[in-house]
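Down below is the structure, laid out as structure tokens.
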Amino acid sequence: MGEIQRPGALYQQVAAEIRNAITAGEIPPGAPVPSETQLMDRYGVSRPTVRNAIAALRSEGLIEVIHGKGSFVRALPAPVNTLCRGVAGKGRTFSVLGGEVWEPVEEPAVHRTTTSAITGRQLGLDEGEELFSCDWLLADPTTGTRLMQRVLIPFATAEDTGLGKAPDSAPTELYAMLAEAGHKLWWSETVGARIPKPDERTTLQLADATAVLHAARTTHGNDDRPLLLEELRVSADRAQLTYRINAEKTPATGRTHR
């Protein structure tokens with residue numbers, strides 16, 4: 001670890017030196033960070049400065065403090081859950097590829113809401129359009145990983161297809177209802193990671209400085225009309241998503257990238 005350069009916030013400089021040592025591999029994952037006394041002697045700073053530096057690195061998720069043992073470089077585990085996001089369909093029967101079993105932690109909650117600027121854009125609607133919303137809290141019985149799932153059904157979709165009579169149906173059952181109503185379905189999905197909201201941190205039982213993985217899937221019907229929106233939220237350090245990708249016919253005016 002290098003020297004402290006003054007002036008500047010000392011705790012930030014100490015944190016930067018420890019951070020550099022971690023990223024350079026000088027302090028590997030799972031290894032202890034030098035003690036407060038060692039860091040004080042090494043950098044010639046006070047104990048509060050060292051503690052503020054450790055707190056900053058802990059908030060970043062780089063280190064974890066184990067009571068009675070000290071500070072350790074956080075080892076990022078491999079995801080324990082792989083969620084297959086493919087959909088298989090034959091006629092009016094649909095299934096999710098992968099066969100993962102997620103059990104409900106509580107009964108699904110159905111209520112009426114309206115589109116936000118984001119969900120409205122994903123559903124091709126204006127902000128403030130009315131929806132049915134169904135929220136599920138699921139858990140993997142083997143690993144304990146929790147998953148929040150939300151299905152948004154526009155009133156227009158519900159009226160045309162009968163989904164409003166059973167908005168708490170599983171997504172594959174909703175797909176079957178849409179197909180029964182005459183829709184030829186396809187799906188688009190976007191995935192991102194972000195800082196969790198307070199309710200997500202509590203509900204998903206997230207560790208400090210853990211991002212939430214957020215997938216938003218739109219079901220499209222005839223004329224590419226968006227019919228419903230599914231949102232999935234899960235701990236980014238406990239789950240990963242996998243997709244089956246099929247080759248599609250290249251448009252005549254398109255370009256092939258190698």
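Residue numbers start at 1 in each chain; chains themselves are named A, B, ... in the order of the structure tokens; ligands are numbered from 1 in the order shown.
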- Could you pull out the helix (DSSP H, G or I) residues of stretch 51-109 of chain A from DSSP and send them as a PyMOL selection string? chain A and resi 51-60
What does the file look like for those residues with N, CA and C atoms, as a CSV table (one decimal), in the first residue's frame?
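So the final result, stored in out-v6.csv, reads:
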```
chain,number,residue,atom,x,y,z
A,51,ARG,N,-11.3,4.2,11.0
A,51,ARG,CA,-12.6,3.7,11.1
A,51,ARG,C,-13.5,4.2,10.0
A,52,ASN,N,-13.3,5.5,9.7
A,52,ASN,CA,-14.1,6.1,8.6
A,52,ASN,C,-13.7,5.5,7.3
A,53,ALA,N,-12.5,5.2,7.1
A,53,ALA,CA,-12.0,4.6,5.8
A,53,ALA,C,-12.6,3.2,5.7
A,54,ILE,N,-12.6,2.4,6.8
A,54,ILE,CA,-13.1,1.1,6.7
A,54,ILE,C,-14.6,1.2,6.5
A,55,ALA,N,-15.3,2.1,7.1
A,55,ALA,CA,-16.8,2.3,6.9
A,55,ALA,C,-17.1,2.6,5.4
A,56,ALA,N,-16.2,3.4,4.8
A,56,ALA,CA,-16.4,3.8,3.4
A,56,ALA,C,-16.3,2.6,2.5
A,57,LEU,N,-15.3,1.7,2.8
A,57,LEU,CA,-15.0,0.5,2.0
A,57,LEU,C,-16.1,-0.5,2.2
A,58,ARG,N,-16.7,-0.5,3.4
A,58,ARG,CA,-17.8,-1.4,3.7
A,58,ARG,C,-19.0,-1.0,2.9
A,59,SER,N,-19.3,0.3,2.9
A,59,SER,CA,-20.4,0.7,2.1
A,59,SER,C,-20.3,0.5,0.6
A,60,GLU,N,-19.1,0.3,0.1
A,60,GLU,CA,-18.9,0.0,-1.3
A,60,GLU,C,-19.0,-1.5,-1.5
```
Might you pull out every residue within 10 Å of A:Ser35, with only C-alpha atoms counted and same-chain residues fewer than 3 positions away left off, and present them as a short mmCIF file (atom, residue, chain, number, x, y, z; two decimals) with N, CA and C atoms, in the first residue's frame?
```cif
data_model
loop_
_atom_site.label_atom_id
_atom_site.label_comp_id
_atom_site.auth_asym_id
_atom_site.auth_seq_id
_atom_site.Cartn_x
_atom_site.Cartn_y
_atom_site.Cartn_z
N PRO A 32 -7.74 -11.00 5.71
CA PRO A 32 -8.00 -9.90 6.64
C PRO A 32 -7.34 -8.60 6.19
N GLN A 38 -2.43 -1.26 13.02
CA GLN A 38 -1.46 -1.35 11.92
C GLN A 38 -1.68 -0.24 10.90
N LEU A 39 -2.95 0.05 10.58
CA LEU A 39 -3.24 1.11 9.62
C LEU A 39 -2.89 2.48 10.20
N MET A 40 -3.13 2.67 11.49
CA MET A 40 -2.76 3.93 12.13
C MET A 40 -1.26 4.15 12.06
N ASP A 41 -0.49 3.11 12.37
CA ASP A 41 0.97 3.22 12.32
C ASP A 41 1.46 3.40 10.89
N VAL A 50 -9.13 5.94 10.48
CA VAL A 50 -9.10 4.56 10.00
C VAL A 50 -10.50 3.98 9.98
N LYS A 69 -13.60 -10.45 15.08
CA LYS A 69 -12.50 -10.97 14.27
C LYS A 69 -11.79 -9.89 13.46
N GLY A 70 -12.53 -8.90 13.00
CA GLY A 70 -11.91 -7.83 12.24
C GLY A 70 -12.54 -7.63 10.88
N SER A 71 -11.81 -6.94 10.01
CA SER A 71 -12.30 -6.63 8.67
C SER A 71 -11.64 -7.55 7.65
#
```
Can you list every residue of stretch 27-121 of chain A that has an atom at most 12 Å from stretch 176-180 of chain A, with its nearest atom pair and the distance in Å to one decimal, using only C-alpha atoms, ordered by chain then number, as JSON lines?
```
{"residue": "A:Val87", "atom": "CA", "partner": "A:Ala176", "partner_atom": "CA", "distance": 12.0}
{"residue": "A:Ala88", "atom": "CA", "partner": "A:Ala176", "partner_atom": "CA", "distance": 11.6}
{"residue": "A:Gly89", "atom": "CA", "partner": "A:Ala176", "partner_atom": "CA", "distance": 9.1}
{"residue": "A:Lys90", "atom": "CA", "partner": "A:Ala176", "partner_atom": "CA", "distance": 10.0}
{"residue": "A:Gly91", "atom": "CA", "partner": "A:Ala179", "partner_atom": "CA", "distance": 8.0}
{"residue": "A:Arg92", "atom": "CA", "partner": "A:Ala176", "partner_atom": "CA", "distance": 5.2}
{"residue": "A:Thr93", "atom": "CA", "partner": "A:Ala176", "partner_atom": "CA", "distance": 5.9}
{"residue": "A:Phe94", "atom": "CA", "partner": "A:Ala176", "partner_atom": "CA", "distance": 6.6}
{"residue": "A:Ser95", "atom": "CA", "partner": "A:Ala176", "partner_atom": "CA", "distance": 9.7}
```
- Message: When you look at A:Pro29 with a cut-off of 6 Å (counting only C-alpha atoms), what residues show up, excluding the ones that are within fewer than 3 positions of it in the same chain? I need them as a PyMOL selection string.
- Response: chain A and resi 73-75
Per residue of stretch 34-119 of chain A within 10 Å of stretch 149-167 of chain A, what are the shortest atom pair and its distance in Å to one decimal, counting only C-alpha atoms, with rows by chain and residue number, as a Markdown table?
```
| residue | atom | partner | partner_atom | distance |
| --- | --- | --- | --- | --- |
| A:Pro108 | CA | A:Arg150 | CA | 9.4 |
| A:Ala109 | CA | A:Arg150 | CA | 9.5 |
| A:Val110 | CA | A:Pro167 | CA | 7.3 |
| A:His111 | CA | A:Pro167 | CA | 9.4 |
| A:Arg112 | CA | A:Leu152 | CA | 9.4 |
| A:Thr113 | CA | A:Leu152 | CA | 8.9 |
| A:Thr114 | CA | A:Pro154 | CA | 8.6 |
| A:Thr115 | CA | A:Pro154 | CA | 8.6 |
| A:Thr119 | CA | A:Leu152 | CA | 8.7 |
```
Can you write out the residues you just picked, keeping N, CA, C and O atoms, as an mmCIF file, in the first residue's frame?
```cif
data_model
loop_
_atom_site.group_PDB
_atom_site.id
_atom_site.type_symbol
_atom_site.label_atom_id
_atom_site.label_comp_id
_atom_site.auth_asym_id
_atom_site.auth_seq_id
_atom_site.Cartn_x
_atom_site.Cartn_y
_atom_site.Cartn_z
ATOM 1 N N PRO A 108 -50.196 -13.934 -3.289
ATOM 2 C CA PRO A 108 -50.002 -12.794 -4.192
ATOM 3 C C PRO A 108 -50.965 -11.666 -3.862
ATOM 4 O O PRO A 108 -52.084 -11.898 -3.398
ATOM 5 N N ALA A 109 -50.507 -10.444 -4.087
ATOM 6 C CA ALA A 109 -51.313 -9.255 -3.790
ATOM 7 C C ALA A 109 -51.723 -8.597 -5.098
ATOM 8 O O ALA A 109 -50.868 -8.218 -5.911
ATOM 9 N N VAL A 110 -53.016 -8.463 -5.320
ATOM 10 C CA VAL A 110 -53.550 -7.857 -6.536
ATOM 11 C C VAL A 110 -54.155 -6.502 -6.193
ATOM 12 O O VAL A 110 -54.903 -6.375 -5.217
ATOM 13 N N HIS A 111 -53.824 -5.494 -6.968
ATOM 14 C CA HIS A 111 -54.425 -4.181 -6.774
ATOM 15 C C HIS A 111 -54.436 -3.415 -8.087
ATOM 16 O O HIS A 111 -53.816 -3.843 -9.069
ATOM 17 N N ARG A 112 -55.131 -2.303 -8.086
ATOM 18 C CA ARG A 112 -55.179 -1.445 -9.267
ATOM 19 C C ARG A 112 -54.143 -0.339 -9.117
ATOM 20 O O ARG A 112 -53.943 0.202 -8.035
ATOM 21 N N THR A 113 -53.517 -0.008 -10.226
ATOM 22 C CA THR A 113 -52.511 1.048 -10.211
ATOM 23 C C THR A 113 -52.522 1.722 -11.579
ATOM 24 O O THR A 113 -53.430 1.481 -12.395
ATOM 25 N N THR A 114 -51.536 2.562 -11.835
ATOM 26 C CA THR A 114 -51.432 3.244 -13.122
ATOM 27 C C THR A 114 -50.005 3.150 -13.643
ATOM 28 O O THR A 114 -49.065 2.884 -12.892
ATOM 29 N N THR A 115 -49.832 3.359 -14.906
ATOM 30 C CA THR A 115 -48.511 3.306 -15.508
ATOM 31 C C THR A 115 -47.660 4.489 -15.052
ATOM 32 O O THR A 115 -48.145 5.596 -14.867
ATOM 33 N N THR A 119 -43.005 2.288 -17.118
ATOM 34 C CA THR A 119 -43.862 1.164 -17.487
ATOM 35 C C THR A 119 -44.817 1.536 -18.617
ATOM 36 O O THR A 119 -45.172 0.689 -19.437
#
```
- Query: In Å, how far is it from atom CA of A:Trp102 to atom CA of A:Glu173?
  - Reply: 16.0 Å
- Residues flagged strand (DSSP E or B) by DSSP in stretch 141-184 of chain A, as an MDAnalysis selection string: chainID A and resid 146:154
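Distance annotation: of A:Ala31, A:Thr49, A:Gly182, A:Ala170, the residue with the minimal separation from A:Val96 is A:Ala170; atom set is only C-alpha atoms.
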- Nearest to A:Glu231 by atom-to-atom distance, counting only C-alpha atoms, from A:Ala139, A:Leu125, A:Leu185, A:Ile118: A:Ile118
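The shell of residues at most 7 Å from A:Asp237, with only C-alpha atoms counted and near chain neighbours (fewer than 2 positions) removed, consists of Pro77, Pro79, Thr210, Ser235 and Ala239 of chain A.
Among the candidates A:Gly44, A:Gly30, A:Gly144, A:Pro196, the one nearest to A:Ala211 when counting only C-alpha atoms is A:Pro196.
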- Item | Gap from atom CA of A:Arg85 to atom CA of A:Glu230 - Å, one decimal | 11.8 Å
- As a check of understanding: the span from atom CA of A:Glu127 to atom CA of A:Arg217 is 18.3 Å
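Shortest atom-to-atom contact with A:Val191 among A:Leu138, A:Ala21, A:Ala215, A:Val45: A:Ala215, counting only C-alpha atoms.
Distances from A:Glu106, A:Tyr11, A:Glu200, A:Ser116 to A:Leu131 were compared using only C-alpha atoms, and the smallest one belongs to A:Ser116.
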